[in-house]
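Novice: Here it is, the structure in full.
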Amino acid sequence: MKLCMMLLLTVAAPVMASSPSLSVFKHSQVLTDFELDSMKGKYINSGQDYYFGLQMQTQFIQDNGIQQQVGMQIEIAQVDNQPSISITISDPNAINSQNGFQLDTLGQTAGLQQRIQIAGDENLAVNEFDMAQGHLTPLLQGINIAVGTTLVSHNGSTTFSANANTIGYQVDLVSGNASQGISYQDGNGQLVQSIFINGLNHGVINQSTLRYDGMPVGPIESNILGRQISDLTSMGF
């Protein structure tokens, strides 16, 4: 039986294709389990993002005639093969505060949540969201703030948060509130747009603009890839 098997292999060998070369993997690196787990669902156009921007703006007019606009912008980009995070707000006179806030997600763990609650007449409330490839324009009168910062506007009506679990802002109205931001809980992130009005003659418009851009497919060092994904995940994306 052994002889027959050897003869069969000897006859078959000349017609078998040669084994492919594995030299292309000579300098390859093994991704860790953490990197592989974090990579799921993180690609756009089969390439790693090198720019991700979210601009949030709220325009409102209250029953007392006060009209204002609030804005915040988050940008994550690759600079010198390292992730760079920039957060700006539209109030140059905002001051540090110890009173933060948490976005109410109503149990939802991921995705986009738009919520409007109104009690009263002659009110306008709109949540708008736009997403496309490209880059954001700079926020008008924007100033940079550090991650881990909580600030309050000069008139005390708006709280800006750049903390680990909430990146966004909340506007206190005479009869209600409006908020926008990214909520990050238990490894999941979502964008929340919320308007609550309890009164007459209010107008509130929440606008969120998301822009992204990627790089062509090509070799990327695993440690850089892992850091980029880790930073995006930690910021709720």
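Residue numbering restarts at 1 in every chain; chains get A, B, ... in the order shown in the structure tokens, and ligands count up from 1 in that same order.
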What's around Asn93 of chain A at 9 Å? Count only C-alpha atoms, leave out sequence neighbours fewer than 3 positions away in its own chain, and write the answer as a VMD selection string.
Specialist: chain A and resid 152 to 154
Novice: Write out as a PyMOL selection string the set of residues from segment 119-172 of chain A that DSSP, computed on the backbone, places in strand (DSSP E).
Specialist: chain A and resi 119+124-133+143-145+150-152+158-162+166-172
Novice: With N, CA and C atoms retained, could you export that selection as a PDB file, in the first residue's frame?
Specialist:
```
ATOM      1  N   ALA A 119     -44.627  71.397  24.469  1.00  0.00           N
ATOM      2  CA  ALA A 119     -45.900  71.671  25.143  1.00  0.00           C
ATOM      3  C   ALA A 119     -46.150  73.166  25.022  1.00  0.00           C
ATOM      4  N   LEU A 124     -41.569  76.422  17.061  1.00  0.00           N
ATOM      5  CA  LEU A 124     -40.889  75.781  15.941  1.00  0.00           C
ATOM      6  C   LEU A 124     -39.697  75.000  16.477  1.00  0.00           C
ATOM      7  N   ALA A 125     -39.580  73.726  16.117  1.00  0.00           N
ATOM      8  CA  ALA A 125     -38.455  72.897  16.554  1.00  0.00           C
ATOM      9  C   ALA A 125     -38.014  72.005  15.398  1.00  0.00           C
ATOM     10  N   VAL A 126     -36.718  72.039  15.073  1.00  0.00           N
ATOM     11  CA  VAL A 126     -36.185  71.279  13.935  1.00  0.00           C
ATOM     12  C   VAL A 126     -34.846  70.660  14.327  1.00  0.00           C
ATOM     13  N   ASN A 127     -34.686  69.370  14.036  1.00  0.00           N
ATOM     14  CA  ASN A 127     -33.397  68.688  14.138  1.00  0.00           C
ATOM     15  C   ASN A 127     -32.941  68.315  12.730  1.00  0.00           C
ATOM     16  N   GLU A 128     -31.772  68.799  12.322  1.00  0.00           N
ATOM     17  CA  GLU A 128     -31.253  68.519  10.992  1.00  0.00           C
ATOM     18  C   GLU A 128     -29.908  67.810  11.097  1.00  0.00           C
ATOM     19  N   PHE A 129     -29.679  66.857  10.188  1.00  0.00           N
ATOM     20  CA  PHE A 129     -28.408  66.132  10.155  1.00  0.00           C
ATOM     21  C   PHE A 129     -27.973  65.956   8.711  1.00  0.00           C
ATOM     22  N   ASP A 130     -26.686  66.232   8.448  1.00  0.00           N
ATOM     23  CA  ASP A 130     -26.148  66.104   7.094  1.00  0.00           C
ATOM     24  C   ASP A 130     -24.796  65.405   7.160  1.00  0.00           C
ATOM     25  N   MET A 131     -24.585  64.400   6.291  1.00  0.00           N
ATOM     26  CA  MET A 131     -23.325  63.668   6.274  1.00  0.00           C
ATOM     27  C   MET A 131     -22.836  63.536   4.839  1.00  0.00           C
ATOM     28  N   ALA A 132     -21.547  63.808   4.628  1.00  0.00           N
ATOM     29  CA  ALA A 132     -20.969  63.692   3.294  1.00  0.00           C
ATOM     30  C   ALA A 132     -19.457  63.621   3.403  1.00  0.00           C
ATOM     31  N   GLN A 133     -18.816  63.221   2.313  1.00  0.00           N
ATOM     32  CA  GLN A 133     -17.363  63.196   2.278  1.00  0.00           C
ATOM     33  C   GLN A 133     -16.847  64.617   2.088  1.00  0.00           C
ATOM     34  N   ILE A 143     -12.927  78.957  19.309  1.00  0.00           N
ATOM     35  CA  ILE A 143     -11.719  78.887  20.137  1.00  0.00           C
ATOM     36  C   ILE A 143     -11.507  77.437  20.546  1.00  0.00           C
ATOM     37  N   ASN A 144     -10.260  77.017  20.629  1.00  0.00           N
ATOM     38  CA  ASN A 144      -9.937  75.642  20.983  1.00  0.00           C
ATOM     39  C   ASN A 144     -10.087  75.412  22.482  1.00  0.00           C
ATOM     40  N   ILE A 145     -10.599  74.238  22.835  1.00  0.00           N
ATOM     41  CA  ILE A 145     -10.678  73.839  24.232  1.00  0.00           C
ATOM     42  C   ILE A 145     -10.048  72.457  24.368  1.00  0.00           C
ATOM     43  N   THR A 150     -14.890  71.364  30.920  1.00  0.00           N
ATOM     44  CA  THR A 150     -16.289  71.793  30.967  1.00  0.00           C
ATOM     45  C   THR A 150     -16.309  73.303  31.118  1.00  0.00           C
ATOM     46  N   LEU A 151     -17.063  73.993  30.246  1.00  0.00           N
ATOM     47  CA  LEU A 151     -17.133  75.447  30.286  1.00  0.00           C
ATOM     48  C   LEU A 151     -18.587  75.893  30.270  1.00  0.00           C
ATOM     49  N   VAL A 152     -18.807  77.123  30.711  1.00  0.00           N
ATOM     50  CA  VAL A 152     -20.132  77.727  30.667  1.00  0.00           C
ATOM     51  C   VAL A 152     -20.018  79.056  29.937  1.00  0.00           C
ATOM     52  N   THR A 158     -25.407  78.385  28.465  1.00  0.00           N
ATOM     53  CA  THR A 158     -24.924  77.236  27.696  1.00  0.00           C
ATOM     54  C   THR A 158     -23.759  76.560  28.408  1.00  0.00           C
ATOM     55  N   THR A 159     -23.839  75.242  28.534  1.00  0.00           N
ATOM     56  CA  THR A 159     -22.758  74.450  29.104  1.00  0.00           C
ATOM     57  C   THR A 159     -22.104  73.632  28.002  1.00  0.00           C
ATOM     58  N   PHE A 160     -20.782  73.768  27.856  1.00  0.00           N
ATOM     59  CA  PHE A 160     -20.008  73.013  26.875  1.00  0.00           C
ATOM     60  C   PHE A 160     -19.246  71.904  27.595  1.00  0.00           C
ATOM     61  N   SER A 161     -19.341  70.689  27.081  1.00  0.00           N
ATOM     62  CA  SER A 161     -18.653  69.560  27.692  1.00  0.00           C
ATOM     63  C   SER A 161     -17.737  68.894  26.678  1.00  0.00           C
ATOM     64  N   ALA A 162     -16.482  68.641  27.097  1.00  0.00           N
ATOM     65  CA  ALA A 162     -15.524  67.901  26.275  1.00  0.00           C
ATOM     66  C   ALA A 162     -14.936  66.774  27.111  1.00  0.00           C
ATOM     67  N   THR A 166     -19.304  62.587  27.399  1.00  0.00           N
ATOM     68  CA  THR A 166     -20.164  63.528  26.691  1.00  0.00           C
ATOM     69  C   THR A 166     -19.327  64.610  26.040  1.00  0.00           C
ATOM     70  N   ILE A 167     -19.446  64.735  24.719  1.00  0.00           N
ATOM     71  CA  ILE A 167     -18.838  65.847  23.988  1.00  0.00           C
ATOM     72  C   ILE A 167     -19.977  66.568  23.289  1.00  0.00           C
ATOM     73  N   GLY A 168     -20.314  67.763  23.773  1.00  0.00           N
ATOM     74  CA  GLY A 168     -21.428  68.499  23.207  1.00  0.00           C
ATOM     75  C   GLY A 168     -21.800  69.669  24.087  1.00  0.00           C
ATOM     76  N   TYR A 169     -23.038  70.139  23.960  1.00  0.00           N
ATOM     77  CA  TYR A 169     -23.457  71.294  24.749  1.00  0.00           C
ATOM     78  C   TYR A 169     -24.952  71.222  25.041  1.00  0.00           C
ATOM     79  N   GLN A 170     -25.347  71.977  26.041  1.00  0.00           N
ATOM     80  CA  GLN A 170     -26.759  72.109  26.393  1.00  0.00           C
ATOM     81  C   GLN A 170     -27.086  73.575  26.600  1.00  0.00           C
ATOM     82  N   VAL A 171     -28.168  74.031  25.948  1.00  0.00           N
ATOM     83  CA  VAL A 171     -28.618  75.414  26.045  1.00  0.00           C
ATOM     84  C   VAL A 171     -29.873  75.455  26.915  1.00  0.00           C
ATOM     85  N   ASP A 172     -29.829  76.233  27.975  1.00  0.00           N
ATOM     86  CA  ASP A 172     -31.002  76.410  28.835  1.00  0.00           C
ATOM     87  C   ASP A 172     -31.835  77.576  28.324  1.00  0.00           C
TER      88      ASP A 172
END
```
Novice: Pick from A:Ile87, A:Ala77, A:Ala146, A:Leu112: nearest to Ser208 of chain A, with only C-alpha atoms counted?
Specialist: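 Answer, going by the shortest atom-to-atom distance: A:Leu112.
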Novice: In Å, rounded to a single decimal, give me how far atom CA of Gly120 of chain A is from atom CA of Gly199 of chain A.
Specialist: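 A separation of 4.9 Å between them.
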Novice: Between A:Asp63, A:Asp213, A:Glu75, A:Asp104, which one has atoms that come closest to Asp121 of chain A, using only C-alpha atoms?
Specialist: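 Under the stated criterion, the closest residue is A:Asp63.
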Novice: Could you give me, as JSON, numbers by chain, the residues within 8 Å of segment 175-185 of chain A, counting only C-alpha atoms and dropping anything in the same chain fewer than 3 positions from it?
Specialist: {"A": [56, 58, 102, 103, 105, 109, 164, 165, 166, 167, 168, 169, 170, 171, 172, 188, 189, 190, 191, 192, 193, 194, 195, 196, 197, 198, 199, 204, 206, 234, 235, 236]}
Novice: Compare A:Gln73, A:Asn201, A:Asn64, A:Gln82 by their minimum atom-to-atom distance to Leu136 of chain A, counting only C-alpha atoms, and give me the closest one.
Specialist: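 So, comparing all the options, the nearest one is A:Gln73.
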Novice: Just how far from atom CA of Gln141 of chain A is atom CA of Tyr212 of chain A, in Å to one decimal?
Specialist: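 Atom CA of Gln141 of chain A lies at a distance of 22.5 Å from atom CA of Tyr212 of chain A.
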Novice: So which one's closest to Thr209 of chain A, A:Asn96, A:Asn155, A:Gln55, A:Gln117? Using only C-alpha atoms, please.
Specialist: A:Gln55
Novice: Of the candidates A:Leu210, A:Ile66, A:Met72, A:Val147, which shows the shortest atom-to-atom distance to Asp91 of chain A, using only C-alpha atoms?
Specialist: A:Met72
Novice: Which value, in Å to one decimal, gives the distance between atom CA of Gly134 of chain A and atom CA of Val79 of chain A?
Specialist: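 Here the two named atoms are 16.7 Å from each other.
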Novice: Tell me which of A:Pro83, A:Pro138, A:Gly203, A:Gly156 sits closest to Tyr51 of chain A, counting only C-alpha atoms.
Specialist: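 Selected residue with least distance to Tyr51 of chain A: A:Pro83.
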